[in-house]
>>> print(open('start32.csv').read())   # CSV, C-alpha atoms and all ligand atoms
chain,number,residue,atom,x,y,z
A,1,MET,CA,-3.7,-18.5,-2.6
A,2,SER,CA,-5.3,-15.1,-3.3
A,3,HIS,CA,-7.6,-14.3,-6.2
A,4,ILE,CA,-6.5,-11.0,-7.9
A,5,LEU,CA,-8.4,-9.2,-10.6
A,6,VAL,CA,-6.1,-7.3,-12.9
A,7,VAL,CA,-7.8,-4.5,-14.9
A,8,GLU,CA,-5.4,-3.2,-17.5
A,9,ASP,CA,-5.7,-2.7,-21.3
A,10,ASP,CA,-2.0,-2.6,-22.1
A,11,PRO,CA,-1.2,-6.2,-23.2
A,12,ARG,CA,2.5,-5.9,-22.1
A,13,ILE,CA,1.6,-4.9,-18.6
A,14,VAL,CA,-1.1,-7.6,-18.4
A,15,GLU,CA,1.4,-10.2,-19.4
A,16,PHE,CA,3.9,-8.9,-16.9
A,17,LEU,CA,1.4,-8.8,-14.1
A,18,GLU,CA,-0.2,-12.1,-14.9
A,19,ARG,CA,3.2,-13.9,-15.1
A,20,GLY,CA,4.6,-12.4,-12.0
A,21,LEU,CA,1.5,-12.8,-9.8
A,22,THR,CA,0.9,-16.3,-10.9
A,23,SER,CA,4.4,-17.3,-10.2
A,24,ASN,CA,4.0,-15.9,-6.7
A,25,GLY,CA,1.1,-18.3,-6.2
A,26,HIS,CA,-1.9,-16.0,-6.9
A,27,LEU,CA,-4.9,-16.8,-9.1
A,28,VAL,CA,-5.3,-14.0,-11.7
A,29,THR,CA,-8.3,-13.0,-13.6
A,30,VAL,CA,-7.8,-10.3,-16.3
A,31,ALA,CA,-10.3,-7.6,-17.5
A,32,THR,CA,-9.0,-5.5,-20.4
A,33,ASP,CA,-11.8,-2.9,-20.4
A,34,GLY,CA,-13.9,-1.0,-17.9
A,35,ARG,CA,-17.1,-2.8,-18.8
A,36,ARG,CA,-15.7,-6.2,-18.1
A,37,ALA,CA,-14.0,-4.8,-15.0
A,38,LEU,CA,-17.4,-3.9,-13.6
A,39,ASP,CA,-18.7,-7.5,-14.2
A,40,GLU,CA,-15.6,-9.2,-12.8
A,41,GLY,CA,-15.2,-6.7,-10.0
A,42,MET,CA,-18.6,-7.7,-8.5
A,43,ARG,CA,-17.4,-11.2,-7.8
A,44,ASP,CA,-17.3,-12.0,-4.2
A,45,ASP,CA,-14.3,-14.4,-4.3
A,46,LEU,CA,-11.8,-11.6,-5.1
A,47,ASP,CA,-9.1,-10.7,-2.6
A,48,LEU,CA,-7.7,-7.7,-4.5
A,49,ILE,CA,-8.3,-5.6,-7.6
A,50,ILE,CA,-5.4,-4.0,-9.4
A,51,LEU,CA,-7.0,-1.2,-11.5
A,52,ASP,CA,-5.5,0.9,-14.2
A,53,LEU,CA,-7.2,4.2,-14.5
A,54,GLY,CA,-6.9,4.7,-18.3
A,55,LEU,CA,-9.2,2.1,-19.8
A,56,PRO,CA,-11.5,1.7,-22.8
A,57,GLU,CA,-15.3,1.6,-22.5
A,58,VAL,CA,-15.5,2.8,-18.9
A,59,ASP,CA,-12.6,4.6,-17.3
A,60,GLY,CA,-11.0,3.3,-14.2
A,61,LEU,CA,-12.3,5.9,-11.8
A,62,SER,CA,-15.9,5.3,-12.9
A,63,VAL,CA,-15.3,1.6,-12.4
A,64,LEU,CA,-14.0,2.3,-8.9
A,65,ARG,CA,-16.9,4.6,-8.0
A,66,THR,CA,-19.5,2.2,-9.3
A,67,LEU,CA,-18.0,-0.8,-7.5
A,68,ARG,CA,-17.8,1.1,-4.2
A,69,GLY,CA,-21.3,2.5,-4.8
A,70,GLN,CA,-22.5,-1.1,-5.1
A,71,GLY,CA,-21.0,-2.0,-1.8
A,72,VAL,CA,-18.0,-3.8,-3.1
A,73,THR,CA,-15.3,-3.6,-0.4
A,74,THR,CA,-12.5,-5.6,-2.1
A,75,PRO,CA,-9.2,-3.7,-1.7
A,76,VAL,CA,-8.3,-1.7,-4.8
A,77,LEU,CA,-4.7,-0.9,-5.8
A,78,VAL,CA,-4.8,1.8,-8.5
A,79,LEU,CA,-2.2,2.2,-11.2
A,80,THR,CA,-1.6,5.8,-12.2
A,81,ALA,CA,0.5,7.5,-14.8
A,82,ARG,CA,3.8,8.7,-13.5
A,83,GLY,CA,3.6,12.0,-11.6
A,84,SER,CA,-0.1,12.3,-11.9
A,85,VAL,CA,-0.8,13.5,-8.4
A,86,ASP,CA,-4.3,14.6,-9.3
A,87,ASP,CA,-5.2,11.1,-10.5
A,88,THR,CA,-3.8,9.7,-7.3
A,89,ILE,CA,-5.8,12.0,-5.0
A,90,VAL,CA,-9.0,11.5,-6.9
A,91,GLY,CA,-8.4,7.7,-6.9
A,92,LEU,CA,-7.9,7.6,-3.2
A,93,ASP,CA,-11.0,9.8,-2.7
A,94,ALA,CA,-13.0,7.4,-4.9
A,95,GLY,CA,-12.2,4.5,-2.6
A,96,ALA,CA,-8.9,3.1,-3.7
A,97,ASP,CA,-6.8,1.6,-0.9
A,98,ASP,CA,-3.4,2.3,-2.4
A,99,TYR,CA,-1.8,3.4,-5.6
A,100,LEU,CA,1.3,2.7,-7.6
A,101,SER,CA,2.6,5.0,-10.4
A,102,LYS,CA,3.8,3.7,-13.7
A,103,PRO,CA,6.3,2.6,-14.6
A,104,PHE,CA,6.9,0.3,-11.6
A,105,ARG,CA,9.1,-2.6,-10.8
A,106,PHE,CA,7.5,-5.9,-10.1
A,107,ASP,CA,8.9,-6.1,-6.6
A,108,GLU,CA,7.3,-2.7,-5.8
A,109,LEU,CA,4.0,-4.0,-7.0
A,110,LEU,CA,4.4,-7.2,-5.1
A,111,ALA,CA,5.1,-5.3,-1.9
A,112,ARG,CA,1.9,-3.4,-2.3
A,113,VAL,CA,-0.1,-6.5,-3.1
A,114,ARG,CA,1.3,-8.2,0.0
A,115,ALA,CA,0.5,-5.2,2.2
A,116,ARG,CA,-3.1,-5.1,1.0
A,117,LEU,CA,-3.6,-8.8,1.4
A,118,ARG,CA,-2.1,-8.7,4.9
A,119,ASP,CA,-4.6,-6.0,5.8
A,120,VAL,CA,-7.5,-8.2,4.7
A,121,GLY,CA,-6.0,-11.2,6.6
A,122,ASN,CA,-5.7,-9.1,9.7
A,123,ALA,CA,-9.3,-7.8,9.5
A,124,ALA,CA,-10.6,-11.3,8.8
A,125,ALA,CA,-8.7,-12.7,11.8
A,126,GLY,CA,-10.0,-9.9,14.0
A,127,THR,CA,-6.4,-8.9,14.8
A,128,ASP,CA,-5.8,-5.2,15.4
A,129,GLU,CA,-2.2,-5.5,16.4
A,130,LEU,CA,1.1,-5.2,14.5
A,131,ARG,CA,4.2,-6.7,16.0
A,132,HIS,CA,7.8,-6.8,15.3
A,133,GLY,CA,10.2,-8.1,17.9
A,134,GLU,CA,9.5,-6.1,21.1
A,135,VAL,CA,7.5,-3.4,19.3
A,136,VAL,CA,3.7,-3.8,19.4
A,137,LEU,CA,1.2,-1.4,17.9
A,138,ASP,CA,-2.4,-1.7,19.1
A,139,LEU,CA,-4.2,-0.2,16.1
A,140,ARG,CA,-7.6,0.1,17.7
A,141,ARG,CA,-6.4,1.8,20.9
A,142,ARG,CA,-3.6,3.6,19.0
A,143,VAL,CA,-1.1,2.6,21.6
A,144,ALA,CA,2.5,1.6,21.0
A,145,THR,CA,4.5,-0.6,23.5
A,146,VAL,CA,8.1,-1.7,23.5
A,147,GLY,CA,8.8,-4.8,25.6
A,148,GLY,CA,5.5,-4.1,27.3
A,149,ARG,CA,6.3,-0.5,28.2
A,150,GLU,CA,3.9,2.0,26.7
A,151,VAL,CA,5.6,4.7,24.6
A,152,GLU,CA,3.8,7.9,23.9
A,153,LEU,CA,3.8,8.7,20.1
A,154,SER,CA,2.2,11.6,18.2
A,155,ALA,CA,-0.3,10.7,15.5
A,156,ARG,CA,2.4,11.1,12.8
A,157,GLU,CA,4.9,9.0,14.6
A,158,PHE,CA,2.3,6.3,15.1
A,159,SER,CA,1.4,6.3,11.4
A,160,LEU,CA,5.1,6.2,10.4
A,161,LEU,CA,5.8,3.3,12.7
A,162,GLU,CA,2.7,1.6,11.4
A,163,ALA,CA,4.0,2.0,7.8
A,164,PHE,CA,7.2,0.3,8.7
A,165,LEU,CA,5.5,-2.5,10.6
A,166,ARG,CA,3.2,-3.3,7.7
A,167,ARG,CA,6.2,-3.9,5.5
A,168,PRO,CA,8.8,-5.8,7.6
A,169,GLY,CA,12.1,-6.4,5.9
A,170,GLU,CA,11.3,-4.0,3.0
A,171,ALA,CA,13.2,-0.8,2.2
A,172,ILE,CA,10.7,2.0,1.9
A,173,THR,CA,11.6,5.2,0.1
A,174,ARG,CA,11.2,8.6,1.6
A,175,GLU,CA,8.7,9.5,-1.1
A,176,GLU,CA,6.5,6.5,-0.2
A,177,LEU,CA,6.6,7.3,3.5
A,178,LEU,CA,5.8,11.0,2.7
A,179,SER,CA,2.8,10.1,0.6
A,180,GLN,CA,1.6,7.4,3.0
A,181,VAL,CA,2.0,9.3,6.2
A,182,TRP,CA,1.8,12.9,5.2
A,183,GLY,CA,-0.3,12.8,2.1
A,184,TYR,CA,0.6,15.6,-0.3
A,185,ALA,CA,0.9,18.4,2.2
A,186,HIS,CA,4.7,18.3,1.8
A,187,SER,CA,7.0,18.8,-1.2
A,188,PRO,CA,9.0,15.7,-2.3
A,189,GLY,CA,12.3,17.3,-1.2
A,190,SER,CA,11.0,17.7,2.4
A,191,ASN,CA,13.2,16.2,5.1
A,192,VAL,CA,10.3,15.6,7.4
A,193,VAL,CA,10.6,11.9,7.1
A,194,ASP,CA,14.2,12.0,8.3
A,195,VAL,CA,13.1,14.2,11.2
A,196,TYR,CA,10.4,11.8,12.3
A,197,VAL,CA,12.6,8.8,11.9
A,198,GLY,CA,14.8,10.6,14.4
A,199,TYR,CA,11.9,11.0,16.8
A,200,LEU,CA,11.1,7.3,16.5
A,201,ARG,CA,14.7,6.3,17.2
A,202,ARG,CA,14.8,8.6,20.2
A,203,LYS,CA,11.6,7.1,21.7
A,204,LEU,CA,12.0,3.5,20.7
A,205,GLY,CA,15.7,2.9,20.5
A,206,ASP,CA,18.2,3.1,17.6
A,207,GLY,CA,17.6,-0.3,16.3
A,208,VAL,CA,14.0,0.1,15.5
A,209,VAL,CA,14.5,1.8,12.1
A,210,ASP,CA,17.5,1.2,9.8
A,211,THR,CA,18.8,3.6,7.2
A,212,VAL,CA,19.0,2.1,3.7
A,213,ARG,CA,21.6,4.2,2.0
A,214,GLY,CA,20.4,5.8,-1.2
A,215,VAL,CA,16.9,4.4,-0.7
A,216,GLY,CA,15.2,5.3,2.5
A,217,TYR,CA,14.5,3.3,5.6
A,218,ARG,CA,13.6,-0.2,6.7
A,219,LEU,CA,12.2,-1.7,9.9
A,220,GLY,CA,15.2,-2.7,12.0
A,221,SER,CA,16.1,-6.1,13.1
A,222,ALA,CA,16.4,-5.0,16.8
B,1,CA,CA,-4.4,2.0,-19.7
>>> encode(input="start32.csv", output="structure tokens")
Amino acid sequence: MSHILVVEDDPRIVEFLERGLTSNGHLVTVATDGRRALDEGMRDDLDLIILDLGLPEVDGLSVLRTLRGQGVTTPVLVLTARGSVDDTIVGLDAGADDYLSKPFRFDELLARVRARLRDVGNAAAGTDELRHGEVVLDLRRRVATVGGREVELSAREFSLLEAFLRRPGEAITREELLSQVWGYAHSPGSNVVDVYVGYLRRKLGDGVVDTVRGVGYRLGSA
């Protein structure tokens, strides 16, 4: 069971998150303003903080900067207003680990929560490897192998494959991949994701990444 601090002032969203996360086996603490978020965020038994940026008392970015300034390393997932790219960039700069723009579906949030908790689990266990079937990524050495055979990947190809391996079984949209792997250097309509998925398939085999029609891509079962 993971302990998640939800910092959000909109009661509907709080209820939605609290109900959903609790039913997925997480322990949830809620802070409805920035001042309480600062108090609760200092706790050392937290596994994750979900942080809204628009908050009363102290805004979310100030909360994030203050926590990071105090040496708090708990992963932070920031909730941003839809299309607010500035907020997202500033949030990541201020020490957020990931972001999700509102409105979001609960399964989207849960996927991000799982990914962040998995990161922490991996770090705690000292593992620096991601595996799926025959494919192994050594994150420290930045080496990819398939069935023990080393495959030379560019930095972007490696990051793209890492994004898939971190979310096995989940369909990932082009937009998510674009923002995770390329940041904001490319426009949303860019086909760079498709091009790079093509590169991965050529190097690793066709079954490594599946196309999810109308959505994006998913780590393959092969
Ligand atoms: Ca708010």
>>> closest_residue(input="start32.csv", among="A:Asp45, A:Asp59, A:Glu15, A:Asp52", to="ligand CA 1 (chain B)", atoms="all atoms listed in the file")
A:Asp52
>>> residues_around(input="start32.csv", residues="region 163-166 of chain A", least_positions_apart="4", cutoff="7 Å", atoms="only C-alpha atoms", output="PyMOL selection string")
chain A and resi 115+130-132+159+218-219
>>> atom_distance(input="start32.csv", atom1="CA of Leu21 (chain A)", atom2="CA of Leu67 (chain A)")
23.0 Å
>>> residues_near_ligand(input="start32.csv", ligand="ligand CA 1 (chain B)", cutoff="7 Å", atoms="only C-alpha atoms and all ligand atoms", output="PyMOL selection string")
chain A and resi 8-10+52-55
>>> residues_around(input="start32.csv", residues="region 38-42 of chain A", least_positions_apart="3", cutoff="8 Å", atoms="all atoms listed in the file", output="list in words")
Leu5, Ala31, Gly34, Arg35, Leu46, Ile49, Val63, Thr66, Leu67 and Val72 of chain A
>>> residues_around(input="start32.csv", residues="Ser2 (chain A)", least_positions_apart="5", cutoff="7 Å", atoms="all atoms listed in the file", output="VMD selection string")
chain A and resid 26 to 27 47
>>> residues_around(input="start32.csv", residues="Gly207 (chain A)", least_positions_apart="5", cutoff="9 Å", atoms="all atoms listed in the file", output="ChimeraX atom specification")
/A:201,219-222
>>> residues_around(input="start32.csv", residues="region 190-197 of chain A", least_positions_apart="2", cutoff="9 Å", atoms="all atoms listed in the file", output="mmCIF file with C-alpha atoms, keeping the file's coordinate frame")
data_model
loop_
_atom_site.group_PDB
_atom_site.id
_atom_site.type_symbol
_atom_site.label_atom_id
_atom_site.label_comp_id
_atom_site.auth_asym_id
_atom_site.auth_seq_id
_atom_site.Cartn_x
_atom_site.Cartn_y
_atom_site.Cartn_z
ATOM 1 C CA ARG A 156 2.400 11.100 12.800
ATOM 2 C CA GLU A 157 4.900 9.000 14.600
ATOM 3 C CA LEU A 160 5.100 6.200 10.400
ATOM 4 C CA LEU A 161 5.800 3.300 12.700
ATOM 5 C CA ARG A 174 11.200 8.600 1.600
ATOM 6 C CA GLU A 175 8.700 9.500 -1.100
ATOM 7 C CA LEU A 177 6.600 7.300 3.500
ATOM 8 C CA LEU A 178 5.800 11.000 2.700
ATOM 9 C CA HIS A 186 4.700 18.300 1.800
ATOM 10 C CA SER A 187 7.000 18.800 -1.200
ATOM 11 C CA PRO A 188 9.000 15.700 -2.300
ATOM 12 C CA TYR A 199 11.900 11.000 16.800
ATOM 13 C CA LEU A 200 11.100 7.300 16.500
ATOM 14 C CA ARG A 201 14.700 6.300 17.200
ATOM 15 C CA ARG A 202 14.800 8.600 20.200
ATOM 16 C CA VAL A 209 14.500 1.800 12.100
ATOM 17 C CA GLY A 216 15.200 5.300 2.500
ATOM 18 C CA TYR A 217 14.500 3.300 5.600
#
>>> closest_residue(input="start32.csv", among="A:Arg213, A:Asp128, A:Arg142, A:Arg149", to="Ala171 (chain A)", atoms="only C-alpha atoms")
A:Arg213
>>> residues_near_point(input="start32.csv", point="(-5.4, -0.8, 19.5)", cutoff="12 Å", atoms="all atoms listed in the file", output="ChimeraX atom specification")
/A:126-131,136-145,158,162
>>> closest_residue(input="start32.csv", among="A:Val14, A:Ile50, A:Leu64, A:Leu204", to="Leu110 (chain A)", atoms="only C-alpha atoms")
A:Ile50
>>> closest_residue(input="start32.csv", among="A:Leu77, A:Val7, A:Ile13, A:Val181", to="Ala94 (chain A)", atoms="all atoms listed in the file")
A:Leu77
>>> atom_distance(input="start32.csv", atom1="CA of Gly148 (chain A)", atom2="CA of Thr211 (chain A)")
25.3 Å
>>> atom_distance(input="start32.csv", atom1="CA of Glu134 (chain A)", atom2="CA of Val208 (chain A)")
9.5 Å
>>> closest_residue(input="start32.csv", among="A:Val90, A:Leu79, A:Val58, A:Leu48", to="Glu108 (chain A)", atoms="only C-alpha atoms")
A:Leu79
